[in-house]
$ cat query27.pdb   # PDB, N, CA and C atoms
ATOM      1  N   MET A   1       5.341 -15.561 -19.373
ATOM      2  CA  MET A   1       6.720 -15.608 -18.943
ATOM      3  C   MET A   1       7.250 -14.181 -18.838
ATOM      4  N   THR A   2       8.188 -14.015 -17.938
ATOM      5  CA  THR A   2       8.846 -12.720 -17.818
ATOM      6  C   THR A   2      10.118 -12.725 -18.660
ATOM      7  N   GLU A   3      10.644 -11.550 -18.905
ATOM      8  CA  GLU A   3      11.871 -11.442 -19.682
ATOM      9  C   GLU A   3      13.030 -12.164 -18.995
ATOM     10  N   ASP A   4      13.109 -12.068 -17.679
ATOM     11  CA  ASP A   4      14.176 -12.748 -16.936
ATOM     12  C   ASP A   4      14.075 -14.266 -17.069
ATOM     13  N   GLU A   5      12.859 -14.797 -17.017
ATOM     14  CA  GLU A   5      12.656 -16.239 -17.187
ATOM     15  C   GLU A   5      13.074 -16.699 -18.578
ATOM     16  N   VAL A   6      12.746 -15.898 -19.558
ATOM     17  CA  VAL A   6      13.087 -16.223 -20.939
ATOM     18  C   VAL A   6      14.602 -16.236 -21.123
ATOM     19  N   VAL A   7      15.272 -15.244 -20.605
ATOM     20  CA  VAL A   7      16.731 -15.179 -20.723
ATOM     21  C   VAL A   7      17.376 -16.370 -20.012
ATOM     22  N   GLN A   8      16.882 -16.718 -18.844
ATOM     23  CA  GLN A   8      17.428 -17.859 -18.108
ATOM     24  C   GLN A   8      17.237 -19.159 -18.886
ATOM     25  N   LEU A   9      16.058 -19.368 -19.457
ATOM     26  CA  LEU A   9      15.793 -20.567 -20.251
ATOM     27  C   LEU A   9      16.681 -20.608 -21.488
ATOM     28  N   ALA A  10      16.852 -19.478 -22.142
ATOM     29  CA  ALA A  10      17.728 -19.417 -23.314
ATOM     30  C   ALA A  10      19.170 -19.729 -22.920
ATOM     31  N   ARG A  11      19.598 -19.191 -21.809
ATOM     32  CA  ARG A  11      20.972 -19.448 -21.323
ATOM     33  C   ARG A  11      21.179 -20.932 -21.048
ATOM     34  N   GLU A  12      20.226 -21.556 -20.367
ATOM     35  CA  GLU A  12      20.318 -22.991 -20.073
ATOM     36  C   GLU A  12      20.345 -23.815 -21.352
ATOM     37  N   THR A  13      19.571 -23.416 -22.336
ATOM     38  CA  THR A  13      19.528 -24.124 -23.613
ATOM     39  C   THR A  13      20.863 -24.039 -24.333
ATOM     40  N   VAL A  14      21.434 -22.850 -24.376
ATOM     41  CA  VAL A  14      22.723 -22.658 -25.047
ATOM     42  C   VAL A  14      23.816 -23.460 -24.349
ATOM     43  N   LEU A  15      23.859 -23.410 -23.035
ATOM     44  CA  LEU A  15      24.894 -24.135 -22.294
ATOM     45  C   LEU A  15      24.718 -25.644 -22.403
ATOM     46  N   ALA A  16      23.468 -26.126 -22.480
ATOM     47  CA  ALA A  16      23.214 -27.560 -22.640
ATOM     48  C   ALA A  16      23.715 -28.065 -23.994
ATOM     49  N   GLU A  17      23.743 -27.183 -24.981
ATOM     50  CA  GLU A  17      24.251 -27.530 -26.310
ATOM     51  C   GLU A  17      25.773 -27.391 -26.390
ATOM     52  N   LYS A  18      26.398 -27.016 -25.269
ATOM     53  CA  LYS A  18      27.854 -26.844 -25.186
ATOM     54  C   LYS A  18      28.370 -25.660 -25.999
ATOM     55  N   PHE A  19      27.522 -24.651 -26.174
ATOM     56  CA  PHE A  19      27.944 -23.421 -26.823
ATOM     57  C   PHE A  19      28.244 -22.376 -25.767
ATOM     58  N   GLN A  20      28.913 -21.327 -26.177
ATOM     59  CA  GLN A  20      29.285 -20.267 -25.248
ATOM     60  C   GLN A  20      28.174 -19.231 -25.156
ATOM     61  N   TRP A  21      27.806 -18.872 -23.942
ATOM     62  CA  TRP A  21      26.810 -17.832 -23.694
ATOM     63  C   TRP A  21      27.542 -16.525 -23.490
ATOM     64  N   CYS A  22      27.265 -15.536 -24.308
ATOM     65  CA  CYS A  22      27.921 -14.236 -24.209
ATOM     66  C   CYS A  22      26.882 -13.135 -24.055
ATOM     67  N   GLU A  23      27.108 -12.276 -23.123
ATOM     68  CA  GLU A  23      26.271 -11.105 -22.921
ATOM     69  C   GLU A  23      26.861  -9.965 -23.744
ATOM     70  N   PRO A  24      26.160  -8.983 -24.149
ATOM     71  CA  PRO A  24      24.754  -8.729 -23.854
ATOM     72  C   PRO A  24      23.849  -9.529 -24.790
ATOM     73  N   VAL A  25      22.586  -9.618 -24.421
ATOM     74  CA  VAL A  25      21.608 -10.303 -25.247
ATOM     75  C   VAL A  25      20.483  -9.335 -25.604
ATOM     76  N   ARG A  26      19.855  -9.607 -26.733
ATOM     77  CA  ARG A  26      18.676  -8.839 -27.136
ATOM     78  C   ARG A  26      17.464  -9.736 -26.951
ATOM     79  N   VAL A  27      16.418  -9.191 -26.354
ATOM     80  CA  VAL A  27      15.194  -9.948 -26.114
ATOM     81  C   VAL A  27      14.043  -9.212 -26.781
ATOM     82  N   LYS A  28      13.271  -9.959 -27.560
ATOM     83  CA  LYS A  28      12.143  -9.363 -28.258
ATOM     84  C   LYS A  28      10.926 -10.274 -28.104
ATOM     85  N   ARG A  29       9.798  -9.683 -27.733
ATOM     86  CA  ARG A  29       8.537 -10.417 -27.593
ATOM     87  C   ARG A  29       7.682 -10.083 -28.802
ATOM     88  N   THR A  30       7.223 -11.108 -29.520
ATOM     89  CA  THR A  30       6.434 -10.866 -30.726
ATOM     90  C   THR A  30       5.152 -11.687 -30.710
ATOM     91  N   ARG A  31       4.195 -11.237 -31.496
ATOM     92  CA  ARG A  31       2.930 -11.934 -31.670
ATOM     93  C   ARG A  31       2.829 -12.326 -33.143
ATOM     94  N   ARG A  32       2.277 -13.499 -33.411
ATOM     95  CA  ARG A  32       2.204 -13.993 -34.791
ATOM     96  C   ARG A  32       1.498 -13.013 -35.718
ATOM     97  N   PHE A  33       0.380 -12.482 -35.285
ATOM     98  CA  PHE A  33      -0.337 -11.462 -36.037
ATOM     99  C   PHE A  33      -0.428 -10.222 -35.151
ATOM    100  N   ILE A  34      -0.820  -9.108 -35.696
ATOM    101  CA  ILE A  34      -0.789  -7.853 -34.942
ATOM    102  C   ILE A  34      -1.638  -7.909 -33.675
ATOM    103  N   PHE A  35      -2.869  -8.399 -33.775
ATOM    104  CA  PHE A  35      -3.779  -8.367 -32.626
ATOM    105  C   PHE A  35      -4.073  -9.726 -32.007
ATOM    106  N   PHE A  36      -3.623 -10.802 -32.620
ATOM    107  CA  PHE A  36      -3.912 -12.134 -32.080
ATOM    108  C   PHE A  36      -2.831 -13.104 -32.535
ATOM    109  N   GLY A  37      -2.896 -14.295 -32.017
ATOM    110  CA  GLY A  37      -1.933 -15.327 -32.402
ATOM    111  C   GLY A  37      -0.951 -15.619 -31.287
ATOM    112  N   GLU A  38      -0.135 -16.613 -31.542
ATOM    113  CA  GLU A  38       0.830 -17.064 -30.537
ATOM    114  C   GLU A  38       1.847 -15.966 -30.233
ATOM    115  N   VAL A  39       2.250 -15.937 -28.965
ATOM    116  CA  VAL A  39       3.288 -14.998 -28.534
ATOM    117  C   VAL A  39       4.587 -15.788 -28.383
ATOM    118  N   THR A  40       5.651 -15.278 -28.986
ATOM    119  CA  THR A  40       6.955 -15.919 -28.857
ATOM    120  C   THR A  40       7.995 -14.896 -28.440
ATOM    121  N   TRP A  41       9.056 -15.405 -27.853
ATOM    122  CA  TRP A  41      10.198 -14.587 -27.447
ATOM    123  C   TRP A  41      11.380 -14.968 -28.329
ATOM    124  N   HIS A  42      12.163 -13.980 -28.707
ATOM    125  CA  HIS A  42      13.380 -14.207 -29.475
ATOM    126  C   HIS A  42      14.543 -13.637 -28.658
ATOM    127  N   VAL A  43      15.479 -14.501 -28.320
ATOM    128  CA  VAL A  43      16.664 -14.084 -27.564
ATOM    129  C   VAL A  43      17.867 -14.273 -28.482
ATOM    130  N   THR A  44      18.629 -13.209 -28.668
ATOM    131  CA  THR A  44      19.804 -13.261 -29.531
ATOM    132  C   THR A  44      21.017 -12.775 -28.756
ATOM    133  N   THR A  45      22.056 -13.597 -28.738
ATOM    134  CA  THR A  45      23.307 -13.142 -28.148
ATOM    135  C   THR A  45      23.939 -12.193 -29.146
ATOM    136  N   ALA A  46      24.440 -11.103 -28.670
ATOM    137  CA  ALA A  46      24.980 -10.061 -29.555
ATOM    138  C   ALA A  46      26.457  -9.873 -29.278
ATOM    139  N   ASN A  47      27.230 -10.911 -29.519
ATOM    140  CA  ASN A  47      28.621 -10.836 -29.113
ATOM    141  C   ASN A  47      29.618 -10.636 -30.239
ATOM    142  N   ARG A  48      29.421 -11.276 -31.403
ATOM    143  CA  ARG A  48      30.414 -11.134 -32.466
ATOM    144  C   ARG A  48      29.831 -11.628 -33.790
ATOM    145  N   PHE A  49      30.451 -11.213 -34.872
ATOM    146  CA  PHE A  49      30.007 -11.604 -36.206
ATOM    147  C   PHE A  49      30.126 -13.117 -36.378
ATOM    148  N   GLY A  50      29.040 -13.748 -36.792
ATOM    149  CA  GLY A  50      29.053 -15.176 -37.071
ATOM    150  C   GLY A  50      28.947 -16.068 -35.854
ATOM    151  N   GLY A  51      29.009 -15.529 -34.650
ATOM    152  CA  GLY A  51      28.948 -16.352 -33.452
ATOM    153  C   GLY A  51      27.719 -16.108 -32.615
ATOM    154  N   ASN A  52      26.757 -15.395 -33.162
ATOM    155  CA  ASN A  52      25.540 -15.095 -32.413
ATOM    156  C   ASN A  52      24.593 -16.283 -32.435
ATOM    157  N   LEU A  53      23.911 -16.473 -31.343
ATOM    158  CA  LEU A  53      22.930 -17.542 -31.237
ATOM    159  C   LEU A  53      21.550 -16.938 -31.070
ATOM    160  N   ARG A  54      20.553 -17.555 -31.694
ATOM    161  CA  ARG A  54      19.171 -17.097 -31.553
ATOM    162  C   ARG A  54      18.332 -18.255 -31.020
ATOM    163  N   ILE A  55      17.583 -17.976 -29.968
ATOM    164  CA  ILE A  55      16.691 -18.951 -29.357
ATOM    165  C   ILE A  55      15.279 -18.386 -29.437
ATOM    166  N   GLN A  56      14.327 -19.202 -29.906
ATOM    167  CA  GLN A  56      12.927 -18.787 -29.971
ATOM    168  C   GLN A  56      12.140 -19.638 -28.979
ATOM    169  N   ILE A  57      11.348 -18.968 -28.118
ATOM    170  CA  ILE A  57      10.639 -19.641 -27.028
ATOM    171  C   ILE A  57       9.158 -19.294 -27.084
ATOM    172  N   ASP A  58       8.317 -20.317 -26.913
ATOM    173  CA  ASP A  58       6.872 -20.111 -26.863
ATOM    174  C   ASP A  58       6.499 -19.524 -25.504
ATOM    175  N   ASP A  59       5.759 -18.424 -25.500
ATOM    176  CA  ASP A  59       5.404 -17.737 -24.255
ATOM    177  C   ASP A  59       4.476 -18.569 -23.381
ATOM    178  N   LYS A  60       3.536 -19.268 -23.985
ATOM    179  CA  LYS A  60       2.529 -20.007 -23.224
ATOM    180  C   LYS A  60       3.096 -21.256 -22.554
ATOM    181  N   THR A  61       3.913 -22.017 -23.290
ATOM    182  CA  THR A  61       4.410 -23.299 -22.777
ATOM    183  C   THR A  61       5.824 -23.235 -22.231
ATOM    184  N   GLY A  62       6.592 -22.225 -22.625
ATOM    185  CA  GLY A  62       7.991 -22.152 -22.221
ATOM    186  C   GLY A  62       8.871 -23.110 -22.999
ATOM    187  N   ARG A  63       8.354 -23.647 -24.083
ATOM    188  CA  ARG A  63       9.081 -24.614 -24.900
ATOM    189  C   ARG A  63       9.984 -23.877 -25.885
ATOM    190  N   VAL A  64      11.182 -24.413 -26.087
ATOM    191  CA  VAL A  64      12.103 -23.863 -27.082
ATOM    192  C   VAL A  64      11.620 -24.326 -28.446
ATOM    193  N   ILE A  65      11.265 -23.380 -29.293
ATOM    194  CA  ILE A  65      10.733 -23.679 -30.618
ATOM    195  C   ILE A  65      11.857 -23.846 -31.629
ATOM    196  N   ALA A  66      12.850 -22.975 -31.545
ATOM    197  CA  ALA A  66      13.960 -23.012 -32.505
ATOM    198  C   ALA A  66      15.217 -22.506 -31.822
ATOM    199  N   LYS A  67      16.352 -22.984 -32.331
ATOM    200  CA  LYS A  67      17.649 -22.528 -31.822
ATOM    201  C   LYS A  67      18.659 -22.689 -32.939
ATOM    202  N   GLY A  68      19.600 -21.765 -32.985
ATOM    203  CA  GLY A  68      20.621 -21.863 -34.012
ATOM    204  C   GLY A  68      21.479 -20.620 -34.084
ATOM    205  N   PHE A  69      22.421 -20.657 -35.024
ATOM    206  CA  PHE A  69      23.329 -19.544 -35.213
ATOM    207  C   PHE A  69      22.675 -18.465 -36.066
ATOM    208  N   TYR A  70      23.112 -17.256 -35.879
ATOM    209  CA  TYR A  70      22.538 -16.102 -36.556
ATOM    210  C   TYR A  70      23.658 -15.193 -37.000
ATOM    211  N   LYS A  71      23.681 -14.830 -38.268
ATOM    212  CA  LYS A  71      24.676 -13.884 -38.775
ATOM    213  C   LYS A  71      24.191 -12.472 -38.515
ATOM    214  N   SER A  72      25.033 -11.644 -37.953
ATOM    215  CA  SER A  72      24.640 -10.254 -37.717
ATOM    216  C   SER A  72      25.107  -9.357 -38.825
TER     217      SER A  72
END
$ encode --input "query27.pdb" --output "C-alpha cells"
Amino acid sequence: MTEDEVVQLARETVLAEKFQWCEPVRVKRTRRFIFFGEVTWHVTTANRFGGNLRIQIDDKTGRVIAKGFYKS
C-alpha cells in the first residue's frame, strides 16, 4: 500500500464511525520485528489533546487492525 492509500482508508474508517477527521495526520510504517514480520501502518490525527484518533492498518491486506482514541 502507498501512504496516500493508507490515509484515504483511515479517513474513510474515521468518517464511517461518525468521528471528525482533522488534518494534519502522522503516518508511520512499521515492521513487527527489525528485519522480518508483518508490516503495519499507523495513522494518527494530530489535532488536539484528547481528540486524536489512531488507526492501524495491515499493509498486506489493507484491513483495519485497530482504531481508537489516543491521548497526546
$ closest_residue --input "query27.pdb" --among "A:Gln8, A:Gly37, A:Thr44, A:Thr13" --to "Val25 (chain A)" --atoms "only C-alpha atoms"
A:Thr44
$ resolve_selection --input "query27.pdb" --expression "the PyMOL selection byres (((chain A and resi 11 and name CA) around 12) and name CA)" --output "ChimeraX atom specification"
/A:4-10,12-25,43-45,53-57,64,67
$ resolve_selection --input "query27.pdb" --expression "the PyMOL selection byres ((chain A and resi 1) around 8)" --output "number ranges by chain"
A: 2-6, 58-62
$ select_by_dssp --input "query27.pdb" --residues "chain A" --states "alpha helix (DSSP H)" --output "JSON, numbers by chain"
{"A": [3, 4, 5, 6, 7, 8, 9, 10, 11, 12, 13, 14, 15, 16]}
$ atom_distance --input "query27.pdb" --atom1 "CA of Arg63 (chain A)" --atom2 "atom C of Thr40 (chain A)"
10.4 Å
$ atom_distance --input "query27.pdb" --atom1 "CA of Phe69 (chain A)" --atom2 "CA of His42 (chain A)"
12.7 Å
$ atom_distance --input "query27.pdb" --atom1 "atom C of Lys28 (chain A)" --atom2 "atom N of Ala66 (chain A)"
13.3 Å
$ build_atoms --input "query27.pdb" --residues "region 24-35 of chain A" --atoms "all heavy atoms" --output "PDB file, in the frame of the given file"
ATOM      1  N   PRO A  24      26.160  -8.983 -24.149  1.00  0.00           N
ATOM      2  CA  PRO A  24      24.754  -8.729 -23.854  1.00  0.00           C
ATOM      3  C   PRO A  24      23.849  -9.529 -24.790  1.00  0.00           C
ATOM      4  O   PRO A  24      24.294 -10.046 -25.811  1.00  0.00           O
ATOM      5  CB  PRO A  24      24.596  -7.234 -24.152  1.00  0.00           C
ATOM      6  CG  PRO A  24      25.599  -6.970 -25.227  1.00  0.00           C
ATOM      7  CD  PRO A  24      26.760  -7.899 -24.922  1.00  0.00           C
ATOM      8  N   VAL A  25      22.586  -9.618 -24.421  1.00  0.00           N
ATOM      9  CA  VAL A  25      21.608 -10.303 -25.247  1.00  0.00           C
ATOM     10  C   VAL A  25      20.483  -9.335 -25.604  1.00  0.00           C
ATOM     11  O   VAL A  25      20.233  -8.376 -24.881  1.00  0.00           O
ATOM     12  CB  VAL A  25      21.025 -11.550 -24.557  1.00  0.00           C
ATOM     13  CG1 VAL A  25      22.089 -12.594 -24.324  1.00  0.00           C
ATOM     14  CG2 VAL A  25      20.344 -11.200 -23.260  1.00  0.00           C
ATOM     15  N   ARG A  26      19.855  -9.607 -26.733  1.00  0.00           N
ATOM     16  CA  ARG A  26      18.676  -8.839 -27.136  1.00  0.00           C
ATOM     17  C   ARG A  26      17.464  -9.736 -26.951  1.00  0.00           C
ATOM     18  O   ARG A  26      17.491 -10.902 -27.341  1.00  0.00           O
ATOM     19  CB  ARG A  26      18.782  -8.418 -28.598  1.00  0.00           C
ATOM     20  CG  ARG A  26      19.821  -7.339 -28.823  1.00  0.00           C
ATOM     21  CD  ARG A  26      19.925  -7.003 -30.263  1.00  0.00           C
ATOM     22  NE  ARG A  26      20.617  -8.153 -30.889  1.00  0.00           N
ATOM     23  CZ  ARG A  26      20.908  -8.241 -32.158  1.00  0.00           C
ATOM     24  NH1 ARG A  26      20.552  -7.292 -32.982  1.00  0.00           N
ATOM     25  NH2 ARG A  26      21.543  -9.280 -32.636  1.00  0.00           N
ATOM     26  N   VAL A  27      16.418  -9.191 -26.354  1.00  0.00           N
ATOM     27  CA  VAL A  27      15.194  -9.948 -26.114  1.00  0.00           C
ATOM     28  C   VAL A  27      14.043  -9.212 -26.781  1.00  0.00           C
ATOM     29  O   VAL A  27      13.879  -8.006 -26.587  1.00  0.00           O
ATOM     30  CB  VAL A  27      14.917 -10.099 -24.596  1.00  0.00           C
ATOM     31  CG1 VAL A  27      13.653 -10.905 -24.357  1.00  0.00           C
ATOM     32  CG2 VAL A  27      16.105 -10.730 -23.894  1.00  0.00           C
ATOM     33  N   LYS A  28      13.271  -9.959 -27.560  1.00  0.00           N
ATOM     34  CA  LYS A  28      12.143  -9.363 -28.258  1.00  0.00           C
ATOM     35  C   LYS A  28      10.926 -10.274 -28.104  1.00  0.00           C
ATOM     36  O   LYS A  28      11.016 -11.480 -28.320  1.00  0.00           O
ATOM     37  CB  LYS A  28      12.486  -9.188 -29.736  1.00  0.00           C
ATOM     38  CG  LYS A  28      11.423  -8.508 -30.536  1.00  0.00           C
ATOM     39  CD  LYS A  28      11.895  -8.319 -31.966  1.00  0.00           C
ATOM     40  CE  LYS A  28      10.822  -7.655 -32.795  1.00  0.00           C
ATOM     41  NZ  LYS A  28      11.229  -7.565 -34.202  1.00  0.00           N
ATOM     42  N   ARG A  29       9.798  -9.683 -27.733  1.00  0.00           N
ATOM     43  CA  ARG A  29       8.537 -10.417 -27.593  1.00  0.00           C
ATOM     44  C   ARG A  29       7.682 -10.083 -28.802  1.00  0.00           C
ATOM     45  O   ARG A  29       7.454  -8.914 -29.093  1.00  0.00           O
ATOM     46  CB  ARG A  29       7.831  -9.994 -26.307  1.00  0.00           C
ATOM     47  CG  ARG A  29       6.558 -10.745 -26.024  1.00  0.00           C
ATOM     48  CD  ARG A  29       5.984 -10.273 -24.672  1.00  0.00           C
ATOM     49  NE  ARG A  29       4.806 -11.007 -24.333  1.00  0.00           N
ATOM     50  CZ  ARG A  29       3.555 -10.579 -24.545  1.00  0.00           C
ATOM     51  NH1 ARG A  29       3.365  -9.387 -25.096  1.00  0.00           N
ATOM     52  NH2 ARG A  29       2.523 -11.308 -24.211  1.00  0.00           N
ATOM     53  N   THR A  30       7.223 -11.108 -29.520  1.00  0.00           N
ATOM     54  CA  THR A  30       6.434 -10.866 -30.726  1.00  0.00           C
ATOM     55  C   THR A  30       5.152 -11.687 -30.710  1.00  0.00           C
ATOM     56  O   THR A  30       5.046 -12.690 -30.010  1.00  0.00           O
ATOM     57  CB  THR A  30       7.222 -11.219 -32.005  1.00  0.00           C
ATOM     58  OG1 THR A  30       7.551 -12.604 -31.977  1.00  0.00           O
ATOM     59  CG2 THR A  30       8.480 -10.395 -32.129  1.00  0.00           C
ATOM     60  N   ARG A  31       4.195 -11.237 -31.496  1.00  0.00           N
ATOM     61  CA  ARG A  31       2.930 -11.934 -31.670  1.00  0.00           C
ATOM     62  C   ARG A  31       2.829 -12.326 -33.143  1.00  0.00           C
ATOM     63  O   ARG A  31       3.248 -11.577 -34.016  1.00  0.00           O
ATOM     64  CB  ARG A  31       1.768 -11.028 -31.281  1.00  0.00           C
ATOM     65  CG  ARG A  31       0.432 -11.713 -31.283  1.00  0.00           C
ATOM     66  CD  ARG A  31      -0.667 -10.819 -30.754  1.00  0.00           C
ATOM     67  NE  ARG A  31      -0.527 -10.468 -29.356  1.00  0.00           N
ATOM     68  CZ  ARG A  31      -0.895 -11.239 -28.333  1.00  0.00           C
ATOM     69  NH1 ARG A  31      -1.414 -12.413 -28.552  1.00  0.00           N
ATOM     70  NH2 ARG A  31      -0.738 -10.828 -27.104  1.00  0.00           N
ATOM     71  N   ARG A  32       2.277 -13.499 -33.411  1.00  0.00           N
ATOM     72  CA  ARG A  32       2.204 -13.993 -34.791  1.00  0.00           C
ATOM     73  C   ARG A  32       1.498 -13.013 -35.718  1.00  0.00           C
ATOM     74  O   ARG A  32       1.929 -12.766 -36.837  1.00  0.00           O
ATOM     75  CB  ARG A  32       1.529 -15.345 -34.826  1.00  0.00           C
ATOM     76  CG  ARG A  32       1.482 -15.936 -36.205  1.00  0.00           C
ATOM     77  CD  ARG A  32       1.115 -17.382 -36.168  1.00  0.00           C
ATOM     78  NE  ARG A  32       0.945 -17.901 -37.496  1.00  0.00           N
ATOM     79  CZ  ARG A  32       1.824 -18.627 -38.148  1.00  0.00           C
ATOM     80  NH1 ARG A  32       2.963 -18.922 -37.562  1.00  0.00           N
ATOM     81  NH2 ARG A  32       1.586 -19.066 -39.349  1.00  0.00           N
ATOM     82  N   PHE A  33       0.380 -12.482 -35.285  1.00  0.00           N
ATOM     83  CA  PHE A  33      -0.337 -11.462 -36.037  1.00  0.00           C
ATOM     84  C   PHE A  33      -0.428 -10.222 -35.151  1.00  0.00           C
ATOM     85  O   PHE A  33      -0.168 -10.284 -33.956  1.00  0.00           O
ATOM     86  CB  PHE A  33      -1.727 -11.953 -36.433  1.00  0.00           C
ATOM     87  CG  PHE A  33      -1.679 -13.215 -37.268  1.00  0.00           C
ATOM     88  CD1 PHE A  33      -2.005 -14.431 -36.716  1.00  0.00           C
ATOM     89  CD2 PHE A  33      -1.271 -13.174 -38.587  1.00  0.00           C
ATOM     90  CE1 PHE A  33      -1.943 -15.594 -37.461  1.00  0.00           C
ATOM     91  CE2 PHE A  33      -1.212 -14.329 -39.348  1.00  0.00           C
ATOM     92  CZ  PHE A  33      -1.542 -15.549 -38.785  1.00  0.00           C
ATOM     93  N   ILE A  34      -0.820  -9.108 -35.696  1.00  0.00           N
ATOM     94  CA  ILE A  34      -0.789  -7.853 -34.942  1.00  0.00           C
ATOM     95  C   ILE A  34      -1.638  -7.909 -33.675  1.00  0.00           C
ATOM     96  O   ILE A  34      -1.188  -7.525 -32.600  1.00  0.00           O
ATOM     97  CB  ILE A  34      -1.229  -6.668 -35.828  1.00  0.00           C
ATOM     98  CG1 ILE A  34      -0.206  -6.450 -36.933  1.00  0.00           C
ATOM     99  CG2 ILE A  34      -1.404  -5.402 -35.007  1.00  0.00           C
ATOM    100  CD1 ILE A  34      -0.605  -5.412 -37.954  1.00  0.00           C
ATOM    101  N   PHE A  35      -2.869  -8.399 -33.775  1.00  0.00           N
ATOM    102  CA  PHE A  35      -3.779  -8.367 -32.626  1.00  0.00           C
ATOM    103  C   PHE A  35      -4.073  -9.726 -32.007  1.00  0.00           C
ATOM    104  O   PHE A  35      -4.739  -9.811 -30.986  1.00  0.00           O
ATOM    105  CB  PHE A  35      -5.106  -7.708 -33.028  1.00  0.00           C
ATOM    106  CG  PHE A  35      -4.939  -6.280 -33.453  1.00  0.00           C
ATOM    107  CD1 PHE A  35      -5.134  -5.895 -34.765  1.00  0.00           C
ATOM    108  CD2 PHE A  35      -4.545  -5.315 -32.540  1.00  0.00           C
ATOM    109  CE1 PHE A  35      -4.968  -4.579 -35.167  1.00  0.00           C
ATOM    110  CE2 PHE A  35      -4.373  -3.993 -32.926  1.00  0.00           C
ATOM    111  CZ  PHE A  35      -4.584  -3.626 -34.238  1.00  0.00           C
TER     112      PHE A  35
END
